[in-house]
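Student: So that we are looking at the same thing, I have put the structure below in structure tokens.
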Amino acid sequence: MAYIGVVFAEIFWAASFIFTNEALKVFTPVSVVVMRITVATLLLLAFCTLRRELEIPTWKETWLFVLAGIFQPFIYFILEAYGLQYTNSPNTASLILALGPLLSPFVAWLLIRERITVHTVIGLFICAGGIAIIVTVGQELKLNVTGVVLLAMAAMTTIFYTICLRKVHPRFKPATIVFWVDVTSLVFFLPAWAIMDRGKPFIMGQVIETVKTGGIMMADEGRAIGAIVILAVFCSVVSYICFCNAVRYIGVAKANAFSNLIPALTPVCVWIFTGEMMEWNKYMGILVVIGGLFLSQNGKKDNEIKTT
């Protein structure tokens with residue numbers, strides 16, 4: 001179930017950029033994130049309360065949720081946004097963000113002494129090669145030092161986020177973990193929204209006023225709100241619960257390995273939703289990523305790298 005869940009999570013995340021682009025036609029980037037996390041937090045609160053899973057962390061346990069919320073989505077969002085701004089190249093961004101899964105086994109071993117297998121390391125390098133095929137063959141790769149550094153730092157935050165999840169006490173259910181992480185991330189995002197958007201009620205205020213007065217909602221506004229709801233339900237609730245569960249059962253390195261599916265599945269999602277055909281190199285790259293992913297999940301003990 002952990003493997004099935006993490007695959008669905010990566011599929012939803014791969015499709016998320018389509019709905020994010022729709023939401024950004026009406027709302028600012030910070031507003032989209034704040035609304036998405038707010039809706040997700042309310043849904044998780046209702047879900048955990050109904051299932052009586054809402055565990056209250058102790059003061060000593062709270063710091064893990066705070067760190068997780070800081071690393072992702074707060075710092076990750078800021079670094080990724082500015083990194084994309086400097087590089088202005090989605091291909092470069094995809095390639096650099098792939099460093100996260102590639103480095104996760106070594107960081108996880110250094111910080112929490114998680115076992116590393118030869119298959120995992122080789123499989124991750126193969127996945128990185130597949131991503132390189134997808135984003136570079138026949139396309140221009142633009143490099144900007146500042147953008148590369150910011151995106152590399154964003155990739156590292158994903159590793160620290162999963163390590164925090166791994167350290168959370170088993171008594172916390174995945175939905176409860178995601179709830180507390182979202183709560184702490186909102187604490188940081190709300191001041192950022194107030195500064196970056198100057199505390200304006202953004203266009204959402206106009207939408208609410210339209211509904212109250214019985215006016216007709218603009219098509220773009222309706223689609224943007226629908227996109228945010230989809231992002232909240234499938235990408236911020238379901239996906240994070242599945243990913244959190246996978247980290248708990250298969251570990252940091254193997255769970256992060258599935259992040260390589262995002263750049264591989266994104267062209268497929270574009271084809272499904274927009275009808276835009278993929279180039280030949282993307283099919284080959286996807287096959288390479290899937291092959292490397294299968295290899296990375298092999299956990300035979302006789303092939304473990306000695307870590308002590």
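A note on labels: chains of the structure tokens are A, B, ... as shown, every chain counts residues from 1, and ligands are counted from 1 in their shown order.
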Need the shell around range 28-30 of chain A: protein/DNA/RNA residues with any atom at most 9 Å away, counting only C-alpha atoms. Skip same-chain ones fewer than 3 positions apart. Format as JSON, numbers by chain?

Tutor: {"A": [20, 23, 24, 25, 33, 34, 35, 81, 189, 192, 193, 196, 197, 202, 203]}

Student: For Leu54 in chain A, please output as an MDAnalysis selection string all residues within 10 Å (counting only C-alpha atoms; exclusion window: fewer than 6 positions along the same chain).

Tutor: chainID A and resid 44:48 172:173 175:177 179:180

Student: Would you mind exporting all heavy atoms of the selected residues as a JSON list (two decimals), in the first residue's frame?

Tutor:
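again35.json was written with the following content:
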```json
[["chain", "number", "residue", "atom", "x", "y", "z"],
["A", 44, "LEU", "N", -8.05, 18.49, 6.57],
["A", 44, "LEU", "CA", -7.33, 17.55, 7.44],
["A", 44, "LEU", "C", -7.83, 17.62, 8.87],
["A", 44, "LEU", "O", -7.94, 16.59, 9.55],
["A", 44, "LEU", "CB", -5.83, 17.86, 7.39],
["A", 44, "LEU", "CG", -5.11, 17.45, 6.10],
["A", 44, "LEU", "CD1", -3.76, 18.13, 6.01],
["A", 44, "LEU", "CD2", -4.96, 15.93, 6.04],
["A", 45, "LEU", "N", -8.16, 18.82, 9.34],
["A", 45, "LEU", "CA", -8.70, 18.97, 10.68],
["A", 45, "LEU", "C", -10.01, 18.21, 10.82],
["A", 45, "LEU", "O", -10.23, 17.49, 11.81],
["A", 45, "LEU", "CB", -8.91, 20.45, 11.00],
["A", 45, "LEU", "CG", -9.55, 20.77, 12.36],
["A", 45, "LEU", "CD1", -8.67, 20.27, 13.49],
["A", 45, "LEU", "CD2", -9.79, 22.27, 12.48],
["A", 46, "ALA", "N", -10.89, 18.36, 9.83],
["A", 46, "ALA", "CA", -12.18, 17.66, 9.86],
["A", 46, "ALA", "C", -11.96, 16.14, 9.79],
["A", 46, "ALA", "O", -12.59, 15.38, 10.53],
["A", 46, "ALA", "CB", -13.05, 18.12, 8.70],
["A", 47, "PHE", "N", -11.05, 15.71, 8.91],
["A", 47, "PHE", "CA", -10.79, 14.28, 8.73],
["A", 47, "PHE", "C", -10.22, 13.66, 10.01],
["A", 47, "PHE", "O", -10.70, 12.60, 10.47],
["A", 47, "PHE", "CB", -9.80, 14.09, 7.58],
["A", 47, "PHE", "CG", -9.41, 12.66, 7.33],
["A", 47, "PHE", "CD1", -10.23, 11.81, 6.60],
["A", 47, "PHE", "CD2", -8.20, 12.15, 7.82],
["A", 47, "PHE", "CE1", -9.87, 10.49, 6.38],
["A", 47, "PHE", "CE2", -7.84, 10.84, 7.60],
["A", 47, "PHE", "CZ", -8.67, 10.00, 6.87],
["A", 48, "CYS", "N", -9.22, 14.30, 10.59],
["A", 48, "CYS", "CA", -8.58, 13.76, 11.80],
["A", 48, "CYS", "C", -9.54, 13.78, 12.99],
["A", 48, "CYS", "O", -9.51, 12.87, 13.84],
["A", 48, "CYS", "CB", -7.32, 14.56, 12.13],
["A", 48, "CYS", "SG", -6.00, 14.40, 10.91],
["A", 172, "PHE", "N", 1.74, 9.01, 15.70],
["A", 172, "PHE", "CA", 1.07, 9.99, 14.85],
["A", 172, "PHE", "C", 0.71, 9.35, 13.51],
["A", 172, "PHE", "O", 1.56, 8.81, 12.82],
["A", 172, "PHE", "CB", 1.97, 11.20, 14.60],
["A", 172, "PHE", "CG", 2.17, 12.08, 15.80],
["A", 172, "PHE", "CD1", 3.29, 11.91, 16.61],
["A", 172, "PHE", "CD2", 1.25, 13.06, 16.13],
["A", 172, "PHE", "CE1", 3.49, 12.71, 17.73],
["A", 172, "PHE", "CE2", 1.44, 13.86, 17.24],
["A", 172, "PHE", "CZ", 2.55, 13.68, 18.04],
["A", 173, "LYS", "N", -0.56, 9.42, 13.15],
["A", 173, "LYS", "CA", -1.01, 8.93, 11.85],
["A", 173, "LYS", "C", -0.55, 9.90, 10.76],
["A", 173, "LYS", "O", -0.35, 11.09, 11.01],
["A", 173, "LYS", "CB", -2.54, 8.81, 11.82],
["A", 173, "LYS", "CG", -3.11, 7.87, 12.87],
["A", 173, "LYS", "CD", -2.73, 6.43, 12.59],
["A", 173, "LYS", "CE", -3.42, 5.49, 13.58],
["A", 173, "LYS", "NZ", -3.05, 4.07, 13.33],
["A", 175, "ALA", "N", -2.09, 11.41, 8.35],
["A", 175, "ALA", "CA", -2.96, 12.59, 8.18],
["A", 175, "ALA", "C", -2.70, 13.62, 9.27],
["A", 175, "ALA", "O", -2.70, 14.83, 9.02],
["A", 175, "ALA", "CB", -4.43, 12.17, 8.19],
["A", 176, "THR", "N", -2.46, 13.15, 10.50],
["A", 176, "THR", "CA", -2.17, 14.06, 11.60],
["A", 176, "THR", "C", -0.84, 14.77, 11.40],
["A", 176, "THR", "O", -0.72, 15.97, 11.67],
["A", 176, "THR", "CB", -2.14, 13.29, 12.94],
["A", 176, "THR", "OG1", -3.36, 12.56, 13.08],
["A", 176, "THR", "CG2", -1.96, 14.22, 14.11],
["A", 177, "ILE", "N", 0.15, 14.05, 10.90],
["A", 177, "ILE", "CA", 1.46, 14.64, 10.63],
["A", 177, "ILE", "C", 1.33, 15.76, 9.60],
["A", 177, "ILE", "O", 1.85, 16.87, 9.78],
["A", 177, "ILE", "CB", 2.46, 13.57, 10.14],
["A", 177, "ILE", "CG1", 2.71, 12.54, 11.24],
["A", 177, "ILE", "CG2", 3.77, 14.21, 9.71],
["A", 177, "ILE", "CD1", 3.55, 11.36, 10.80],
["A", 179, "PHE", "N", -1.29, 17.44, 8.85],
["A", 179, "PHE", "CA", -2.06, 18.54, 9.42],
["A", 179, "PHE", "C", -1.17, 19.49, 10.21],
["A", 179, "PHE", "O", -1.19, 20.71, 10.00],
["A", 179, "PHE", "CB", -3.17, 18.01, 10.34],
["A", 179, "PHE", "CG", -3.82, 19.07, 11.19],
["A", 179, "PHE", "CD1", -4.70, 19.98, 10.63],
["A", 179, "PHE", "CD2", -3.53, 19.16, 12.55],
["A", 179, "PHE", "CE1", -5.29, 20.97, 11.41],
["A", 179, "PHE", "CE2", -4.11, 20.15, 13.33],
["A", 179, "PHE", "CZ", -4.99, 21.06, 12.76],
["A", 180, "TRP", "N", -0.35, 18.95, 11.11],
["A", 180, "TRP", "CA", 0.51, 19.82, 11.93],
["A", 180, "TRP", "C", 1.58, 20.51, 11.09],
["A", 180, "TRP", "O", 1.95, 21.65, 11.37],
["A", 180, "TRP", "CB", 1.13, 19.01, 13.06],
["A", 180, "TRP", "CG", 0.16, 18.63, 14.14],
["A", 180, "TRP", "CD1", -0.21, 17.37, 14.52],
["A", 180, "TRP", "CD2", -0.57, 19.53, 14.98],
["A", 180, "TRP", "NE1", -1.14, 17.43, 15.53],
["A", 180, "TRP", "CE2", -1.38, 18.73, 15.84],
["A", 180, "TRP", "CE3", -0.65, 20.92, 15.09],
["A", 180, "TRP", "CZ2", -2.23, 19.29, 16.79],
["A", 180, "TRP", "CZ3", -1.50, 21.48, 16.03],
["A", 180, "TRP", "CH2", -2.27, 20.68, 16.86]]
```

Student: To one decimal place, how far is CA of Ala154 in chain A from CA of Asn245 in chain A in Å?

Tutor: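 Atom-to-atom, CA of Ala154 in chain A to CA of Asn245 in chain A, that is 22.3 Å.
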
Student: With only C-alpha atoms as the counted atoms, please give the residues lying no more than 12 Å from Tyr3 in chain A, apart from itself and same-chain residues fewer than 3 positions off, as a PyMOL selection string.

Tutor: chain A and resi 6-10+242-251+254-258+293-294+297

Student: Distance CA of Leu265 in chain A-CA of Ala14 in chain A, one decimal place?

Tutor: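 Between CA of Leu265 in chain A and CA of Ala14 in chain A the gap works out to 5.8 Å.
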